[in-house]
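Novice: If you scroll down you'll find the structure; I have some questions about it.
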Amino acid sequence: MSVLVITLGLYMLGLLLAAIGSRLAGRCTTWCCALLGLPMWVVGGTVAPFCLALPQLMLAFLAAGMGITGLAVGTALAGAVTNVGLALALCLLGVNGQPVVADRQEFCRKCLLLAAACGVLALFVRDGTLSYTGTGLLMLLFVVFILSSIVYQHQFIYGERYEPISTAADAPLPQAQDYGYTAHTMAFPVMSLGNSLKNLTGVLGGLALLAAGAQALVYSATTIANLTGTIQALWAATLISFGFCLPLLAEALGHPFGSVWKRFDARCRFYPADTLPIQLLNSAILNLTLALPMSSLMYRHRLPVGAQFRTYEVPACAVMALLLLIEPLLRRRLHRWQGTACLVVYFAYLAAVSFVPRAGA
């Protein structure tokens, strides 16, 4: 019992370190990009989504390097399901009192990319491993994702194209704006050697905290699985994916964990608050198109993908992507029922992985 308590404490510490490290590294990275003179539409299309998915990427990378493939694959796939089925669903339901507004073409494009990644996985993991062809196709989808994100950010910032849709018919639809950025580059306090060193230290320190948190989570998840005689995929789908989603849930609900976290989160924000729905889709896509190929390369063999993932995670993610795509594609708007439907799929998935686990994960 004492070992289990200590392990749970290590798990909580890992989540805290991962949350602080990823936010700190993300914000300081955007400031370093400003020092390099990168335009904000490049940063918004590359750095912001990458930093949002950084905890899952780091944990999957470390777990695959240690040969714990069930945890690596589970973190990536379950993270995508949780971000879409829980955080994005609550955004669409407007639990924070604000209607969701997003660009229609970008929303549809990201849903299609997510569905395409699920299709590649379903096709190339039928024998229980991710084939090299499947890994290559996922990496190709990652390149498409990056290019499309950069193009969208450029068009949006310069007002070339913007077709807003909302979950509320009478909601005021904003025009394209700079979201607080200055002269189409990342806002930066003072260009000085001191600030440069401080933000470079922030990047390195944030990554160190994130790596330490990921190591703690890998150890705690495997220890809990061994102590309870359960599969690692169960804990990747519950404790780890939900823990990584907590900071995003705080934003979606509009109620951060406390005043300390609220101040830290606001100071370290590296994407506009009202782009959270698109960023959640971006994070889910990166989990599939970057975390899994990175895990495969780190493992140096065909990456095992157990029956648990083929039966539950991949179909759940594909179904939610299609549910989100229907209304924007056909009726040019979003509906709250889409959030409800994604929540139903998520809780059905959670019940399935908890009570009817499959072998091979």
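Simple scheme: letters A, B, ... for chains in structure tokens order, numbers from 1 for residues in each chain, numbers from 1 for ligands in the order shown.
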Residues within 12 Å of Val3 of chain A, please, as a VMD selection string. Count only C-alpha atoms; anything in the same chain fewer than 5 positions from it doesn't count.

Specialist: chain A and resid 8 to 10 220 223 to 224 226 to 228

Novice: With N, CA, C and O atoms kept, could you save the residues just selected as a PDB file, in the first residue's frame?

Specialist:
ATOM      1  N   LEU A   8       1.545   7.125  -6.555  1.00  0.00           N
ATOM      2  CA  LEU A   8       0.536   8.127  -6.890  1.00  0.00           C
ATOM      3  C   LEU A   8       1.054   9.539  -6.633  1.00  0.00           C
ATOM      4  O   LEU A   8       0.769  10.468  -7.394  1.00  0.00           O
ATOM      5  N   GLY A   9       1.840   9.706  -5.560  1.00  0.00           N
ATOM      6  CA  GLY A   9       2.455  11.002  -5.313  1.00  0.00           C
ATOM      7  C   GLY A   9       3.435  11.384  -6.405  1.00  0.00           C
ATOM      8  O   GLY A   9       3.499  12.547  -6.831  1.00  0.00           O
ATOM      9  N   LEU A  10       4.199  10.406  -6.885  1.00  0.00           N
ATOM     10  CA  LEU A  10       5.122  10.651  -7.993  1.00  0.00           C
ATOM     11  C   LEU A  10       4.366  11.010  -9.261  1.00  0.00           C
ATOM     12  O   LEU A  10       4.811  11.861 -10.043  1.00  0.00           O
ATOM     13  N   SER A 220       5.694   5.939 -12.838  1.00  0.00           N
ATOM     14  CA  SER A 220       4.497   5.730 -12.019  1.00  0.00           C
ATOM     15  C   SER A 220       3.465   4.894 -12.756  1.00  0.00           C
ATOM     16  O   SER A 220       2.824   4.017 -12.156  1.00  0.00           O
ATOM     17  N   THR A 223       4.663   1.253 -12.844  1.00  0.00           N
ATOM     18  CA  THR A 223       4.611   0.681 -11.492  1.00  0.00           C
ATOM     19  C   THR A 223       3.177   0.367 -11.086  1.00  0.00           C
ATOM     20  O   THR A 223       2.899  -0.708 -10.526  1.00  0.00           O
ATOM     21  N   ILE A 224       2.254   1.292 -11.358  1.00  0.00           N
ATOM     22  CA  ILE A 224       0.846   1.053 -11.024  1.00  0.00           C
ATOM     23  C   ILE A 224       0.315  -0.140 -11.811  1.00  0.00           C
ATOM     24  O   ILE A 224      -0.428  -0.976 -11.282  1.00  0.00           O
ATOM     25  N   ASN A 226       2.038  -2.705 -12.899  1.00  0.00           N
ATOM     26  CA  ASN A 226       2.608  -3.935 -12.334  1.00  0.00           C
ATOM     27  C   ASN A 226       1.975  -4.287 -10.993  1.00  0.00           C
ATOM     28  O   ASN A 226       1.720  -5.462 -10.706  1.00  0.00           O
ATOM     29  N   LEU A 227       1.724  -3.271 -10.163  1.00  0.00           N
ATOM     30  CA  LEU A 227       1.150  -3.521  -8.845  1.00  0.00           C
ATOM     31  C   LEU A 227      -0.287  -4.018  -8.927  1.00  0.00           C
ATOM     32  O   LEU A 227      -0.717  -4.846  -8.119  1.00  0.00           O
ATOM     33  N   THR A 228      -1.031  -3.500  -9.887  1.00  0.00           N
ATOM     34  CA  THR A 228      -2.451  -3.852 -10.004  1.00  0.00           C
ATOM     35  C   THR A 228      -2.701  -4.983 -10.989  1.00  0.00           C
ATOM     36  O   THR A 228      -3.841  -5.450 -11.111  1.00  0.00           O
TER      37      THR A 228
END

Novice: Which residues are close to segment 297-305 of chain A, i.e. within 10 Å by only C-alpha atoms, leaving aside same-chain residues fewer than 6 positions away? Reply as an NGL selection string.

Specialist: :A and (60-70 or 72-74 or 121 or 125-132 or 135 or 291 or 360-361)

Novice: Using atom CA of Phe355 of chain A and atom CA of Leu114 of chain A as the two end points, give the distance in Å to one decimal.

Specialist: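 So the two atoms, atom CA of Phe355 of chain A and atom CA of Leu114 of chain A, lie 26.8 Å apart.
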
Novice: Write out as a list in words the residues lying within 7 Å of Arg27 of chain A, counting only C-alpha atoms and excluding same-chain residues fewer than 6 positions away.

Specialist: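 Skipping anything fewer than 6 positions along the chain leaves Cys268, Arg269 and Phe270 of chain A.
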
Novice: Kindly export the residues of the current selection with all heavy atoms, as a PDB file, in the first residue's frame.

Specialist:
ATOM      1  N   CYS A 268       2.221  32.806 -19.298  1.00  0.00           N
ATOM      2  CA  CYS A 268       2.930  31.885 -20.198  1.00  0.00           C
ATOM      3  C   CYS A 268       2.085  31.458 -21.385  1.00  0.00           C
ATOM      4  O   CYS A 268       2.412  30.468 -22.054  1.00  0.00           O
ATOM      5  CB  CYS A 268       3.388  30.647 -19.426  1.00  0.00           C
ATOM      6  SG  CYS A 268       4.724  30.956 -18.267  1.00  0.00           S
ATOM      7  N   ARG A 269       1.008  32.153 -21.681  1.00  0.00           N
ATOM      8  CA  ARG A 269       0.182  31.776 -22.829  1.00  0.00           C
ATOM      9  C   ARG A 269       0.966  31.969 -24.122  1.00  0.00           C
ATOM     10  O   ARG A 269       1.585  33.009 -24.340  1.00  0.00           O
ATOM     11  CB  ARG A 269      -1.091  32.612 -22.863  1.00  0.00           C
ATOM     12  CG  ARG A 269      -2.050  32.221 -23.988  1.00  0.00           C
ATOM     13  CD  ARG A 269      -3.287  33.109 -23.980  1.00  0.00           C
ATOM     14  NE  ARG A 269      -3.999  32.974 -22.721  1.00  0.00           N
ATOM     15  CZ  ARG A 269      -4.817  31.970 -22.437  1.00  0.00           C
ATOM     16  NH1 ARG A 269      -4.971  30.987 -23.308  1.00  0.00           N
ATOM     17  NH2 ARG A 269      -5.433  31.915 -21.283  1.00  0.00           N
ATOM     18  N   PHE A 270       0.936  30.970 -24.984  1.00  0.00           N
ATOM     19  CA  PHE A 270       1.665  31.075 -26.247  1.00  0.00           C
ATOM     20  C   PHE A 270       0.740  30.931 -27.446  1.00  0.00           C
ATOM     21  O   PHE A 270       1.195  30.717 -28.560  1.00  0.00           O
ATOM     22  CB  PHE A 270       2.803  30.038 -26.314  1.00  0.00           C
ATOM     23  CG  PHE A 270       2.379  28.627 -25.991  1.00  0.00           C
ATOM     24  CD1 PHE A 270       1.848  27.806 -26.955  1.00  0.00           C
ATOM     25  CD2 PHE A 270       2.514  28.133 -24.711  1.00  0.00           C
ATOM     26  CE1 PHE A 270       1.464  26.519 -26.666  1.00  0.00           C
ATOM     27  CE2 PHE A 270       2.146  26.839 -24.407  1.00  0.00           C
ATOM     28  CZ  PHE A 270       1.613  26.022 -25.387  1.00  0.00           C
TER      29      PHE A 270
END

Novice: When you draw a straight line from atom CA of Thr340 of chain A to atom CA of Leu276 of chain A, how long is it in Å?

Specialist: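 Going from atom CA of Thr340 of chain A over to atom CA of Leu276 of chain A covers 17.8 Å.
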
Novice: Near Ala221 of chain A, counting only C-alpha atoms, which residues have an atom at most 8 Å away, once you skip same-chain residues fewer than 6 positions from it, shown as a VMD selection string?

Specialist: chain A and resid 11 232 235 to 236 240

Novice: Take atom CA of Leu239 of chain A and atom CA of Leu217 of chain A and report the distance between them in Å, one decimal.

Specialist: 9.4 Å

Novice: I'd like the contact shell of Cys91 of chain A - 10 Å cut-off, only C-alpha atoms, skipping same-chain residues fewer than 5 positions apart - returned as a PDB file with all heavy atoms, in the first residue's frame.

Specialist:
ATOM      1  N   VAL A  84      -9.879  15.791 -27.858  1.00  0.00           N
ATOM      2  CA  VAL A  84     -11.043  16.056 -28.706  1.00  0.00           C
ATOM      3  C   VAL A  84     -12.347  15.708 -27.987  1.00  0.00           C
ATOM      4  O   VAL A  84     -13.292  16.497 -27.981  1.00  0.00           O
ATOM      5  CB  VAL A  84     -10.937  15.268 -30.027  1.00  0.00           C
ATOM      6  CG1 VAL A  84     -12.194  15.455 -30.877  1.00  0.00           C
ATOM      7  CG2 VAL A  84      -9.710  15.713 -30.819  1.00  0.00           C
ATOM      8  N   LEU A  86     -13.062  15.303 -24.804  1.00  0.00           N
ATOM      9  CA  LEU A  86     -13.364  15.941 -23.522  1.00  0.00           C
ATOM     10  C   LEU A  86     -13.187  17.458 -23.596  1.00  0.00           C
ATOM     11  O   LEU A  86     -14.153  18.208 -23.424  1.00  0.00           O
ATOM     12  CB  LEU A  86     -12.469  15.351 -22.431  1.00  0.00           C
ATOM     13  CG  LEU A  86     -12.787  15.756 -20.992  1.00  0.00           C
ATOM     14  CD1 LEU A  86     -14.217  15.402 -20.622  1.00  0.00           C
ATOM     15  CD2 LEU A  86     -11.804  15.123 -20.018  1.00  0.00           C
ATOM     16  N   ASN A  96     -18.089  27.500 -20.489  1.00  0.00           N
ATOM     17  CA  ASN A  96     -17.534  28.719 -19.902  1.00  0.00           C
ATOM     18  C   ASN A  96     -18.391  29.938 -20.203  1.00  0.00           C
ATOM     19  O   ASN A  96     -18.002  31.071 -19.902  1.00  0.00           O
ATOM     20  CB  ASN A  96     -16.110  28.951 -20.403  1.00  0.00           C
ATOM     21  CG  ASN A  96     -16.052  29.135 -21.911  1.00  0.00           C
ATOM     22  OD1 ASN A  96     -17.047  28.948 -22.609  1.00  0.00           O
ATOM     23  ND2 ASN A  96     -14.888  29.492 -22.412  1.00  0.00           N
ATOM     24  N   GLY A  97     -19.552  29.705 -20.821  1.00  0.00           N
ATOM     25  CA  GLY A  97     -20.469  30.801 -21.107  1.00  0.00           C
ATOM     26  C   GLY A  97     -20.200  31.534 -22.402  1.00  0.00           C
ATOM     27  O   GLY A  97     -20.909  32.492 -22.729  1.00  0.00           O
ATOM     28  N   GLN A  98     -19.187  31.097 -23.151  1.00  0.00           N
ATOM     29  CA  GLN A  98     -18.832  31.769 -24.394  1.00  0.00           C
ATOM     30  C   GLN A  98     -19.034  30.827 -25.578  1.00  0.00           C
ATOM     31  O   GLN A  98     -18.626  29.668 -25.516  1.00  0.00           O
ATOM     32  CB  GLN A  98     -17.365  32.226 -24.363  1.00  0.00           C
ATOM     33  CG  GLN A  98     -17.054  33.206 -23.264  1.00  0.00           C
ATOM     34  CD  GLN A  98     -17.765  34.525 -23.435  1.00  0.00           C
ATOM     35  OE1 GLN A  98     -17.985  34.988 -24.560  1.00  0.00           O
ATOM     36  NE2 GLN A  98     -18.127  35.143 -22.318  1.00  0.00           N
ATOM     37  N   PRO A  99     -19.683  31.302 -26.665  1.00  0.00           N
ATOM     38  CA  PRO A  99     -19.815  30.450 -27.857  1.00  0.00           C
ATOM     39  C   PRO A  99     -18.477  30.276 -28.559  1.00  0.00           C
ATOM     40  O   PRO A  99     -17.607  31.149 -28.501  1.00  0.00           O
ATOM     41  CB  PRO A  99     -20.798  31.240 -28.737  1.00  0.00           C
ATOM     42  CG  PRO A  99     -20.615  32.668 -28.323  1.00  0.00           C
ATOM     43  CD  PRO A  99     -20.312  32.625 -26.846  1.00  0.00           C
ATOM     44  N   VAL A 100     -18.310  29.130 -29.196  1.00  0.00           N
ATOM     45  CA  VAL A 100     -17.081  28.845 -29.939  1.00  0.00           C
ATOM     46  C   VAL A 100     -17.153  29.508 -31.311  1.00  0.00           C
ATOM     47  O   VAL A 100     -18.173  29.425 -31.994  1.00  0.00           O
ATOM     48  CB  VAL A 100     -16.886  27.322 -30.102  1.00  0.00           C
ATOM     49  CG1 VAL A 100     -15.760  27.027 -31.074  1.00  0.00           C
ATOM     50  CG2 VAL A 100     -16.594  26.691 -28.752  1.00  0.00           C
ATOM     51  N   THR A 167     -21.050  28.300 -32.645  1.00  0.00           N
ATOM     52  CA  THR A 167     -22.082  27.434 -32.074  1.00  0.00           C
ATOM     53  C   THR A 167     -23.334  28.224 -31.728  1.00  0.00           C
ATOM     54  O   THR A 167     -24.368  27.628 -31.430  1.00  0.00           O
ATOM     55  CB  THR A 167     -21.558  26.755 -30.795  1.00  0.00           C
ATOM     56  OG1 THR A 167     -21.043  27.757 -29.904  1.00  0.00           O
ATOM     57  CG2 THR A 167     -20.457  25.763 -31.131  1.00  0.00           C
ATOM     58  N   LEU A 249      -8.486  21.689 -19.897  1.00  0.00           N
ATOM     59  CA  LEU A 249      -9.828  21.718 -19.320  1.00  0.00           C
ATOM     60  C   LEU A 249     -10.046  22.988 -18.509  1.00  0.00           C
ATOM     61  O   LEU A 249     -11.145  23.558 -18.504  1.00  0.00           O
ATOM     62  CB  LEU A 249     -10.056  20.497 -18.428  1.00  0.00           C
ATOM     63  CG  LEU A 249     -10.332  19.175 -19.134  1.00  0.00           C
ATOM     64  CD1 LEU A 249     -10.416  18.045 -18.116  1.00  0.00           C
ATOM     65  CD2 LEU A 249     -11.621  19.252 -19.939  1.00  0.00           C
ATOM     66  N   GLU A 251      -8.847  25.873 -19.154  1.00  0.00           N
ATOM     67  CA  GLU A 251      -9.157  26.931 -20.108  1.00  0.00           C
ATOM     68  C   GLU A 251     -10.546  26.752 -20.702  1.00  0.00           C
ATOM     69  O   GLU A 251     -11.292  27.719 -20.871  1.00  0.00           O
ATOM     70  CB  GLU A 251      -8.109  26.951 -21.218  1.00  0.00           C
ATOM     71  CG  GLU A 251      -6.727  27.359 -20.737  1.00  0.00           C
ATOM     72  CD  GLU A 251      -5.795  27.650 -21.892  1.00  0.00           C
ATOM     73  OE1 GLU A 251      -6.240  28.295 -22.857  1.00  0.00           O
ATOM     74  OE2 GLU A 251      -4.638  27.216 -21.844  1.00  0.00           O
ATOM     75  N   ALA A 252     -10.904  25.509 -21.036  1.00  0.00           N
ATOM     76  CA  ALA A 252     -12.214  25.258 -21.632  1.00  0.00           C
ATOM     77  C   ALA A 252     -13.347  25.594 -20.669  1.00  0.00           C
ATOM     78  O   ALA A 252     -14.394  26.117 -21.063  1.00  0.00           O
ATOM     79  CB  ALA A 252     -12.318  23.797 -22.070  1.00  0.00           C
ATOM     80  N   LEU A 253     -13.145  25.304 -19.383  1.00  0.00           N
ATOM     81  CA  LEU A 253     -14.171  25.561 -18.380  1.00  0.00           C
ATOM     82  C   LEU A 253     -14.172  27.004 -17.908  1.00  0.00           C
ATOM     83  O   LEU A 253     -15.149  27.461 -17.312  1.00  0.00           O
ATOM     84  CB  LEU A 253     -13.963  24.638 -17.169  1.00  0.00           C
ATOM     85  CG  LEU A 253     -14.123  23.143 -17.438  1.00  0.00           C
ATOM     86  CD1 LEU A 253     -13.681  22.339 -16.228  1.00  0.00           C
ATOM     87  CD2 LEU A 253     -15.565  22.814 -17.798  1.00  0.00           C
ATOM     88  N   GLY A 254     -13.087  27.732 -18.164  1.00  0.00           N
ATOM     89  CA  GLY A 254     -13.018  29.107 -17.711  1.00  0.00           C
ATOM     90  C   GLY A 254     -12.753  29.222 -16.224  1.00  0.00           C
ATOM     91  O   GLY A 254     -12.889  30.302 -15.654  1.00  0.00           O
ATOM     92  N   LEU A 276      -8.433  28.192 -28.923  1.00  0.00           N
ATOM     93  CA  LEU A 276      -8.293  26.903 -28.242  1.00  0.00           C
ATOM     94  C   LEU A 276      -8.919  25.740 -29.019  1.00  0.00           C
ATOM     95  O   LEU A 276      -8.305  24.672 -29.104  1.00  0.00           O
ATOM     96  CB  LEU A 276      -8.890  26.987 -26.839  1.00  0.00           C
ATOM     97  CG  LEU A 276      -8.802  25.708 -25.999  1.00  0.00           C
ATOM     98  CD1 LEU A 276      -7.341  25.302 -25.775  1.00  0.00           C
ATOM     99  CD2 LEU A 276      -9.520  25.887 -24.664  1.00  0.00           C
ATOM    100  N   PRO A 277     -10.135  25.873 -29.602  1.00  0.00           N
ATOM    101  CA  PRO A 277     -10.702  24.732 -30.347  1.00  0.00           C
ATOM    102  C   PRO A 277      -9.791  24.237 -31.474  1.00  0.00           C
ATOM    103  O   PRO A 277      -9.571  23.027 -31.616  1.00  0.00           O
ATOM    104  CB  PRO A 277     -12.029  25.282 -30.890  1.00  0.00           C
ATOM    105  CG  PRO A 277     -12.395  26.367 -29.938  1.00  0.00           C
ATOM    106  CD  PRO A 277     -11.102  26.988 -29.524  1.00  0.00           C
ATOM    107  N   LEU A 280      -6.702  22.515 -30.036  1.00  0.00           N
ATOM    108  CA  LEU A 280      -6.969  21.167 -29.549  1.00  0.00           C
ATOM    109  C   LEU A 280      -6.961  20.164 -30.703  1.00  0.00           C
ATOM    110  O   LEU A 280      -6.448  19.049 -30.561  1.00  0.00           O
ATOM    111  CB  LEU A 280      -8.311  21.129 -28.816  1.00  0.00           C
ATOM    112  CG  LEU A 280      -8.336  21.836 -27.459  1.00  0.00           C
ATOM    113  CD1 LEU A 280      -9.755  21.930 -26.931  1.00  0.00           C
ATOM    114  CD2 LEU A 280      -7.450  21.109 -26.458  1.00  0.00           C
ATOM    115  N   ARG A 336     -23.900  22.772 -30.751  1.00  0.00           N
ATOM    116  CA  ARG A 336     -23.564  22.231 -29.438  1.00  0.00           C
ATOM    117  C   ARG A 336     -23.770  20.718 -29.377  1.00  0.00           C
ATOM    118  O   ARG A 336     -23.123  20.035 -28.590  1.00  0.00           O
ATOM    119  CB  ARG A 336     -24.391  22.927 -28.357  1.00  0.00           C
ATOM    120  CG  ARG A 336     -23.944  24.359 -28.073  1.00  0.00           C
ATOM    121  CD  ARG A 336     -24.658  24.923 -26.857  1.00  0.00           C
ATOM    122  NE  ARG A 336     -24.112  26.224 -26.487  1.00  0.00           N
ATOM    123  CZ  ARG A 336     -24.572  27.371 -26.965  1.00  0.00           C
ATOM    124  NH1 ARG A 336     -25.575  27.384 -27.829  1.00  0.00           N
ATOM    125  NH2 ARG A 336     -24.027  28.508 -26.571  1.00  0.00           N
ATOM    126  N   GLY A 339     -20.669  18.714 -29.543  1.00  0.00           N
ATOM    127  CA  GLY A 339     -19.950  18.533 -28.292  1.00  0.00           C
ATOM    128  C   GLY A 339     -20.551  17.422 -27.452  1.00  0.00           C
ATOM    129  O   GLY A 339     -19.826  16.606 -26.865  1.00  0.00           O
TER     130      GLY A 339
END

Novice: Could you pull out the helix (DSSP H, G or I) residues of segment 80-321 of chain A from DSSP and send them as a VMD selection string?

Specialist: chain A and resid 80 to 93 104 to 124 132 to 157 193 to 228 232 to 253 259 to 267 273 to 299 307 to 321

Novice: Contacts of Leu234 of chain A at 8 Å or less, counting only C-alpha atoms, minus same-chain residues fewer than 5 places along, as a ChimeraX atom specification?

Specialist: /A:353-354,357

Novice: Those residues with N, CA, C and O atoms, as an mmCIF file, in the first residue's frame please?

Specialist:
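Now in part-v7.cif:
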data_model
loop_
_atom_site.group_PDB
_atom_site.id
_atom_site.type_symbol
_atom_site.label_atom_id
_atom_site.label_comp_id
_atom_site.auth_asym_id
_atom_site.auth_seq_id
_atom_site.Cartn_x
_atom_site.Cartn_y
_atom_site.Cartn_z
ATOM 1 N N VAL A 353 -12.430 0.875 -22.287
ATOM 2 C CA VAL A 353 -11.040 0.590 -21.924
ATOM 3 C C VAL A 353 -10.908 0.225 -20.455
ATOM 4 O O VAL A 353 -9.948 -0.462 -20.058
ATOM 5 N N SER A 354 -11.839 0.701 -19.613
ATOM 6 C CA SER A 354 -11.756 0.425 -18.179
ATOM 7 C C SER A 354 -12.312 -0.943 -17.808
ATOM 8 O O SER A 354 -11.746 -1.648 -16.967
ATOM 9 N N PRO A 357 -10.968 -4.335 -21.241
ATOM 10 C CA PRO A 357 -9.659 -4.141 -21.879
ATOM 11 C C PRO A 357 -9.331 -5.288 -22.804
ATOM 12 O O PRO A 357 -9.750 -6.429 -22.595
#

Novice: Please provide as a PyMOL selection string all residues within 12 Å of Ile285 of chain A, with the sequence filter that same-chain residues fewer than 4 positions apart are discarded (counting only C-alpha atoms).

Specialist: chain A and resi 49-50+52-53+56-57+76-77+79-81+83-84+109-118+138-139+141-146+149+278-281+289-292+317-318+321

Novice: As a compact mmCIF listing (two decimals) with N, CA and C atoms, in the first residue's frame, please: every residue in segment 29-248 of chain A that DSSP puts in strand (DSSP E or B).

Specialist:
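part_5.txt, freshly written:
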# COMPACT_ATOMS: atom_id res chain seq x y z
N PRO A 39 8.10 35.77 -38.46
CA PRO A 39 6.75 36.35 -38.46
C PRO A 39 5.79 35.50 -37.64
N VAL A 101 -16.08 30.16 -31.69
CA VAL A 101 -15.97 30.76 -33.02
C VAL A 101 -14.69 30.23 -33.65
N ALA A 102 -14.79 29.73 -34.87
CA ALA A 102 -13.62 29.19 -35.57
C ALA A 102 -13.77 29.45 -37.06
N ASP A 103 -12.64 29.42 -37.75
CA ASP A 103 -12.66 29.55 -39.21
C ASP A 103 -13.15 28.24 -39.81
N THR A 129 1.28 -4.23 -35.75
CA THR A 129 2.42 -3.32 -35.72
C THR A 129 2.20 -2.21 -36.74
N LEU A 130 2.80 -1.06 -36.46
CA LEU A 130 2.73 0.05 -37.41
C LEU A 130 3.81 -0.15 -38.46
N PRO A 164 -15.76 32.86 -40.48
CA PRO A 164 -16.04 32.42 -39.12
C PRO A 164 -17.37 31.69 -39.01
N ILE A 165 -17.40 30.64 -38.20
CA ILE A 165 -18.63 29.93 -37.87
C ILE A 165 -18.68 29.81 -36.35
N SER A 166 -19.88 29.67 -35.80
CA SER A 166 -20.04 29.68 -34.36
C SER A 166 -21.10 28.68 -33.93
N THR A 182 2.38 42.39 -32.47
CA THR A 182 2.78 43.70 -32.99
C THR A 182 3.43 43.56 -34.36
N THR A 185 4.58 40.24 -35.99
CA THR A 185 5.63 39.42 -35.37
C THR A 185 5.26 39.19 -33.92

Novice: Find, counting only C-alpha atoms, the residue in A:Gln338, A:Thr238, A:Thr275, A:Asn195 that gets nearest to Leu71 of chain A.

Specialist: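 Among A:Gln338, A:Thr238, A:Thr275, A:Asn195, it is A:Thr238 that comes nearest to Leu71 of chain A.
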
Novice: I'd like to know which of A:Val344, A:Leu54, A:Cys32, A:Leu4 is closest to Ala284 of chain A, using only C-alpha atoms.

Specialist: A:Leu54

Novice: Pick from A:Ala212, A:Ala122, A:Met12, A:Met294: nearest to Glu313 of chain A, with only C-alpha atoms counted?

Specialist: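 Of A:Ala212, A:Ala122, A:Met12, A:Met294, the one nearest Glu313 of chain A, counting only C-alpha atoms, is A:Ala122.
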